[in-house]
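Source file: final-v4.cif (mmCIF, C-alpha atoms)
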```
data_final
loop_
_atom_site.label_atom_id
_atom_site.label_comp_id
_atom_site.auth_asym_id
_atom_site.auth_seq_id
_atom_site.Cartn_x
_atom_site.Cartn_y
_atom_site.Cartn_z
CA MET V 107 1.96 -82.23 -7.16
CA THR V 108 -0.83 -81.65 -4.74
CA GLN V 109 -3.29 -78.78 -5.07
CA SER V 110 -1.91 -77.23 -1.86
CA SER V 111 1.67 -77.23 -3.19
CA HIS V 112 0.52 -75.68 -6.44
CA ARG V 113 -1.18 -72.83 -4.56
CA ARG V 114 1.96 -72.16 -2.49
CA ARG V 115 4.05 -72.01 -5.68
CA GLN V 116 1.62 -69.54 -7.30
CA SER V 117 1.75 -67.38 -4.16
CA ARG V 118 5.56 -67.27 -4.24
CA VAL V 119 5.52 -66.29 -7.92
CA THR V 120 2.99 -63.54 -7.27
CA HIS V 121 5.07 -62.12 -4.41
CA ALA V 122 8.18 -62.16 -6.57
CA LEU V 123 6.43 -60.27 -9.36
CA VAL V 124 5.16 -57.65 -6.91
CA PHE V 125 8.69 -57.21 -5.49
CA ILE V 126 10.22 -56.79 -8.96
CA SER V 127 7.55 -54.26 -9.97
CA THR V 128 8.18 -52.27 -6.79
CA VAL V 129 11.91 -52.14 -7.44
CA LEU V 130 11.40 -51.01 -11.03
CA LEU V 131 8.86 -48.32 -10.14
CA ALA V 132 10.63 -46.93 -7.06
CA PRO V 133 12.93 -44.43 -8.90
CA SER V 134 10.03 -42.76 -10.67
CA VAL V 135 7.97 -42.65 -7.46
CA PHE V 136 10.82 -41.11 -5.47
CA SER V 137 11.53 -38.70 -8.31
CA SER V 138 7.90 -37.57 -8.36
CA ALA V 139 7.87 -37.16 -4.59
CA ALA V 140 11.08 -35.17 -4.69
CA SER V 141 9.68 -32.95 -7.42
CA ALA V 142 6.50 -32.38 -5.45
CA GLN V 143 8.50 -31.53 -2.36
CA LEU V 144 10.65 -29.09 -4.29
CA LEU V 145 7.59 -27.48 -5.83
CA GLY V 146 5.89 -27.29 -2.47
CA TYR V 147 8.72 -25.41 -0.83
CA ALA V 148 10.11 -23.46 -3.75
CA SER V 149 9.83 -19.68 -3.26
CA THR V 150 7.58 -18.03 -5.79
CA GLN V 151 8.77 -15.06 -7.76
CA PRO V 152 7.49 -11.85 -6.16
CA ASN V 153 5.13 -9.84 -8.34
CA SER V 154 6.12 -6.61 -6.65
CA PHE V 155 8.92 -4.90 -4.82
CA PRO V 156 8.29 -4.14 -1.13
CA THR V 157 9.14 -0.69 0.12
CA ASP V 158 9.24 0.95 3.52
CA GLU V 159 6.66 3.48 2.38
CA VAL V 160 4.19 1.45 4.44
CA MET V 161 4.32 -1.34 6.98
CA ILE V 162 2.46 -4.64 6.77
CA GLU V 163 -0.75 -4.72 8.80
CA PRO V 164 -2.81 -7.87 9.50
CA ALA V 165 -5.78 -8.14 7.18
CA THR V 166 -9.17 -7.53 8.77
CA PRO V 167 -12.74 -7.80 7.45
CA ASP V 168 -12.98 -4.00 7.49
CA ALA V 169 -9.65 -3.42 5.73
CA GLY V 170 -9.97 -0.52 3.31
CA VAL V 171 -12.87 1.10 5.18
CA VAL V 172 -11.92 4.60 6.34
CA PRO V 173 -13.18 5.34 9.88
CA GLU V 174 -16.00 7.86 10.18
CA ARG V 175 -13.78 10.45 11.87
CA LEU V 176 -11.43 10.39 8.87
CA ARG V 177 -13.96 10.56 6.06
CA ARG V 178 -14.00 13.63 3.91
CA ALA V 179 -16.29 16.32 5.33
CA VAL V 180 -16.54 20.05 5.96
CA VAL V 181 -15.87 20.67 9.64
CA ALA V 182 -15.65 23.59 12.04
CA PHE V 183 -11.98 24.51 12.20
CA ASN V 184 -10.45 27.39 14.14
CA THR V 185 -7.21 28.68 12.64
CA ASN V 186 -5.45 31.91 11.78
CA GLU V 187 -4.23 30.42 8.50
CA ALA V 188 -5.58 32.00 5.33
CA PRO V 189 -8.15 30.22 3.16
CA GLY V 190 -6.46 27.85 0.74
CA THR V 191 -3.85 26.73 3.29
CA ILE V 192 -3.29 23.06 4.04
CA VAL V 193 -2.88 22.17 7.72
CA ILE V 194 -1.78 18.63 8.61
CA ASP V 195 -2.61 17.43 12.12
CA THR V 196 0.02 14.68 12.39
CA GLY V 197 -1.00 13.32 15.78
CA ASN V 198 -4.62 12.90 14.75
CA THR V 199 -3.87 11.74 11.17
CA ALA V 200 -6.00 14.42 9.54
CA LEU V 201 -5.38 16.97 6.80
CA TYR V 202 -7.42 20.19 6.58
CA TYR V 203 -7.91 22.43 3.60
CA VAL V 204 -8.86 25.80 5.06
CA LEU V 205 -12.03 27.30 3.58
CA GLY V 206 -12.23 30.36 5.82
CA GLN V 207 -15.03 31.55 8.10
CA GLY V 208 -14.14 28.87 10.65
CA ARG V 209 -14.47 25.94 8.26
CA ALA V 210 -12.18 23.46 6.54
CA VAL V 211 -12.40 20.33 4.43
CA ARG V 212 -11.12 17.41 6.49
CA TYR V 213 -9.37 14.40 4.95
CA GLY V 214 -8.05 11.32 6.72
CA VAL V 215 -4.36 10.66 6.08
CA GLY V 216 -1.58 8.20 6.79
CA VAL V 217 1.56 9.84 8.22
CA GLY V 218 5.15 8.99 9.12
CA ARG V 219 5.78 6.05 11.39
CA GLU V 220 7.93 6.25 14.52
CA GLY V 221 11.15 8.09 13.71
CA PHE V 222 9.80 9.47 10.42
CA THR V 223 7.33 12.13 11.54
CA TRP V 224 8.28 15.75 10.98
CA SER V 225 6.80 19.24 11.28
CA GLY V 226 7.29 22.61 9.63
CA VAL V 227 6.06 24.80 6.80
CA GLN V 228 6.39 23.97 3.11
CA THR V 229 4.77 25.04 -0.15
CA ILE V 230 3.53 22.90 -3.00
CA SER V 231 6.23 23.11 -5.64
CA ARG V 232 4.85 20.65 -8.19
CA LYS V 233 1.69 18.68 -8.96
CA ALA V 234 1.46 15.44 -10.91
CA GLU V 235 -1.36 13.18 -12.05
CA TRP V 236 -0.57 9.45 -11.85
CA PRO V 237 3.01 10.32 -10.90
CA ASP V 238 6.04 8.19 -11.61
CA TRP V 239 7.92 6.97 -8.56
CA HIS V 240 11.66 7.43 -8.10
CA PRO V 241 12.53 5.96 -4.68
CA PRO V 242 14.84 8.40 -2.84
CA ALA V 243 18.44 7.42 -2.17
CA GLU V 244 17.78 6.95 1.55
CA MET V 245 15.06 4.41 0.86
CA ILE V 246 17.21 2.54 -1.65
CA ALA V 247 20.01 2.45 0.94
CA ARG V 248 17.63 0.72 3.35
CA GLN V 249 16.22 -1.58 0.68
CA PRO V 250 18.66 -1.88 -2.23
CA TYR V 251 16.42 -4.33 -4.12
CA LEU V 252 13.85 -1.61 -4.85
CA PRO V 253 13.33 -0.54 -8.46
CA ARG V 254 14.93 2.78 -9.36
CA PHE V 255 11.82 3.79 -11.29
CA MET V 256 8.15 2.86 -11.51
CA ALA V 257 5.77 4.34 -14.05
CA GLY V 258 2.61 5.95 -12.74
CA GLY V 259 -0.53 3.87 -12.56
CA PRO V 260 -2.92 2.09 -10.18
CA GLY V 261 -0.16 -0.17 -8.84
CA ASN V 262 2.24 2.69 -8.09
CA PRO V 263 2.67 3.51 -4.36
CA LEU V 264 2.16 7.23 -5.05
CA GLY V 265 -1.39 6.59 -6.20
CA ALA V 266 -3.48 8.82 -8.44
CA ARG V 267 -2.04 12.25 -7.58
CA ALA V 268 1.00 13.76 -5.91
CA MET V 269 1.77 17.24 -4.59
CA TYR V 270 5.47 17.77 -3.95
CA LEU V 271 6.49 19.80 -0.91
CA GLY V 272 9.20 22.37 -1.66
CA SER V 273 12.58 20.85 -2.46
CA SER V 274 12.13 18.10 0.15
CA GLN V 275 11.57 14.42 -0.59
CA TYR V 276 8.14 14.58 1.03
CA ARG V 277 4.88 14.50 -0.88
CA ILE V 278 1.16 14.53 -0.30
CA HIS V 279 0.04 11.62 -2.46
CA GLY V 280 -2.53 8.90 -2.98
CA THR V 281 -2.44 5.27 -1.96
CA ASN V 282 -3.81 2.02 -3.36
CA ASP V 283 -4.45 0.72 0.17
CA PRO V 284 -7.11 2.71 2.06
CA SER V 285 -6.51 0.55 5.16
CA THR V 286 -3.37 2.62 5.86
CA ILE V 287 -5.38 5.82 6.33
CA GLY V 288 -5.36 6.91 9.97
CA LYS V 289 -2.12 5.08 10.71
CA PHE V 290 1.53 5.94 11.27
CA VAL V 291 2.94 3.99 8.36
CA SER V 292 5.03 6.01 5.91
CA SER V 293 8.59 7.27 5.59
CA GLY V 294 7.35 10.83 6.11
CA CYS V 295 5.02 11.37 3.17
CA ILE V 296 1.37 12.22 3.73
CA ARG V 297 -1.05 9.85 2.03
CA LEU V 298 -4.76 10.04 1.24
CA THR V 299 -7.12 7.68 -0.53
CA ASN V 300 -7.00 8.11 -4.30
CA GLU V 301 -10.45 9.71 -4.26
CA ASP V 302 -9.50 12.20 -1.55
CA VAL V 303 -6.13 13.10 -3.03
CA SER V 304 -7.83 13.80 -6.36
CA ASP V 305 -10.32 16.09 -4.61
CA LEU V 306 -7.54 17.97 -2.79
CA PHE V 307 -5.47 18.13 -5.98
CA GLY V 308 -8.29 20.03 -7.66
CA ARG V 309 -8.41 22.63 -4.87
CA VAL V 310 -4.75 23.58 -4.52
CA ASP V 311 -2.28 25.43 -6.71
CA ILE V 312 1.48 25.63 -7.00
CA GLY V 313 2.65 27.76 -4.11
CA THR V 314 -0.07 26.62 -1.70
CA LYS V 315 1.15 26.85 1.89
CA VAL V 316 1.36 23.57 3.81
CA VAL V 317 1.64 23.62 7.61
CA VAL V 318 2.65 20.30 9.19
CA LEU V 319 1.96 20.25 12.93
CA PRO V 320 4.08 18.16 15.33
CA LYS V 321 2.69 14.86 16.54
CA SER V 322 2.13 16.31 20.03
CA ALA V 323 0.04 19.30 18.84
CA PRO V 324 -3.53 19.55 20.24
CA HIS V 325 -6.48 18.46 18.12
CA MET V 326 -7.81 21.48 16.19
CA GLU V 327 -11.17 20.29 14.87
CA THR V 328 -14.30 21.07 16.92
CA ARG V 329 -17.28 19.50 15.19
CA THR V 330 -18.50 18.22 11.83
CA THR V 331 -20.92 20.50 9.99
CA ILE V 332 -21.85 19.22 6.52
CA SER V 333 -20.67 16.64 4.03
CA VAL V 334 -18.44 17.92 1.28
CA ARG V 335 -18.99 17.51 -2.42
CA PRO V 336 -16.04 16.53 -4.62
CA ALA V 337 -14.21 19.49 -6.15
CA ARG V 338 -13.45 17.58 -9.34
CA PRO V 339 -15.09 14.93 -11.55
CA ALA V 340 -14.64 11.27 -10.73
CA LEU V 341 -11.13 9.83 -10.71
CA THR V 342 -9.73 9.44 -14.22
CA PRO V 343 -7.52 6.51 -15.23
CA PRO V 344 -3.85 6.98 -16.12
CA PRO V 345 -2.96 7.74 -19.74
CA SER V 346 -2.99 4.72 -22.03
CA GLY V 347 0.33 3.01 -22.45
CA ARG V 348 1.53 3.83 -18.92
CA GLN V 349 1.51 0.46 -17.27
CA ALA V 350 2.83 0.24 -13.73
CA MET V 351 4.15 -2.72 -11.79
CA ASN V 352 1.53 -4.10 -9.41
CA LEU V 353 2.72 -2.85 -6.01
CA THR V 354 -0.08 -3.20 -3.52
CA ALA V 355 0.44 -1.64 -0.15
CA SER V 356 -0.60 -4.81 1.69
CA GLN V 357 2.57 -6.42 0.31
CA LEU V 358 4.83 -3.61 1.43
CA ASN V 359 6.93 -3.39 4.57
#
```
Starting from the coordinates I provided, produce the structure as structure tokens.
Amino acid sequence: MTQSSHRRRQSRVTHALVFISTVLLAPSVFSSAASAQLLGYASTQPNSFPTDEVMIEPATPDAGVVPERLRRAVVAFNTNEAPGTIVIDTGNTALYYVLGQGRAVRYGVGVGREGFTWSGVQTISRKAEWPDWHPPAEMIARQPYLPRFMAGGPGNPLGARAMYLGSSQYRIHGTNDPSTIGKFVSSGCIRLTNEDVSDLFGRVDIGTKVVVLPKSAPHMETRTTISVRPARPALTPPPSGRQAMNLTASQLN
């Protein structure tokens, strides 16, 4: 046998071995690829339940920064309402706590989205720190997958404090997403940052009058006067043992 023939025979043997190896390894390769594909497209388990309390907004570098016009401050405010009254300027997404003598504490708020704004007069019927959340029947009807109960805590959509308005389903409450302040986002509730809602909570009592102006009402504020100091100590955490599901507003719709 010549050297050339020997080389051709070795080449054929090598090719045959490569072919056999490929056939034997193919099932495991395809299985791994299939597994990777399934993993790549499998839906992850949600870590929260979305709710129509807020709508999804595109993330921006300034998300969570409250605009200057909506930051807490004492402002000149002309009203016939008695000191201690809450006036909500729906169209301008601001809440005022009347101090008297032509002044009020201004807070930025998030209000009802299109079709969910309302106006009228209510009184605060109940106050709660780190309130539990019981989604109302109307919300559950729209989104039946919502939990029927969520314990109060930082992940709860009602935030650090809630003030319930009469016998209605509306509340003035906190939020864990400051980027929603100044927007028309809720199902009718009035929301403040957790810091602001805690400050307001410390100023009001059961029976406080709440005036909600229609969206078309004229702007009532005239000019800013001085910054306002918090009415209460810094925000306190929820009681130990009350763990809430993580429901961040950026994941809500």
Exercise. Excluding same-chain residues fewer than 4 positions from Trp236 in chain V, what lies within 8 Å of it counting all atoms listed in the file, as a VMD selection string?
Worked result: chain V and resid 258 to 260 264 to 268 344
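You will find CA of Gln275 in chain V at 10.7 Å from CA of Met245 in chain V.
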For this session: I would like the residues chosen by the PyMOL selection byres ((chain V and resi 296-299) around 9) on the shown file; could you give them as a VMD selection string?
Result: chain V and resid 172 194 201 213 to 218 264 to 266 276 to 284 286 to 287 292 to 295 300 to 304
Exercise. Given the file above and the PyMOL selection byres ((chain V and resi 175) around 12), which residues are selected, and can you give them as a ChimeraX atom specification?
Worked result: /V:171-174,176-181,198-201,212-215,287-288,327-330
For this session: Tell me, in Å to one decimal, how far CA of Asn262 in chain V is from CA of Pro250 in chain V.
Result: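 CA of Pro250 in chain V lies 18.0 Å from CA of Asn262 in chain V.
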Exercise. For Pro324 in chain V, which residue out of V:Ser273, V:Thr196, V:Gln207, V:Gln249 is the nearest one, using all atoms listed in the file?
Worked result: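 The answer is V:Thr196, which sits nearest to Pro324 in chain V.
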Problem set entry | V:Gly272, V:Pro241, V:Pro263, V:Pro189 ranked by distance to Ile312 in chain V, top pick (using all atoms listed in the file) |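 That would be V:Gly272, the residue with the smallest distance to Ile312 in chain V.
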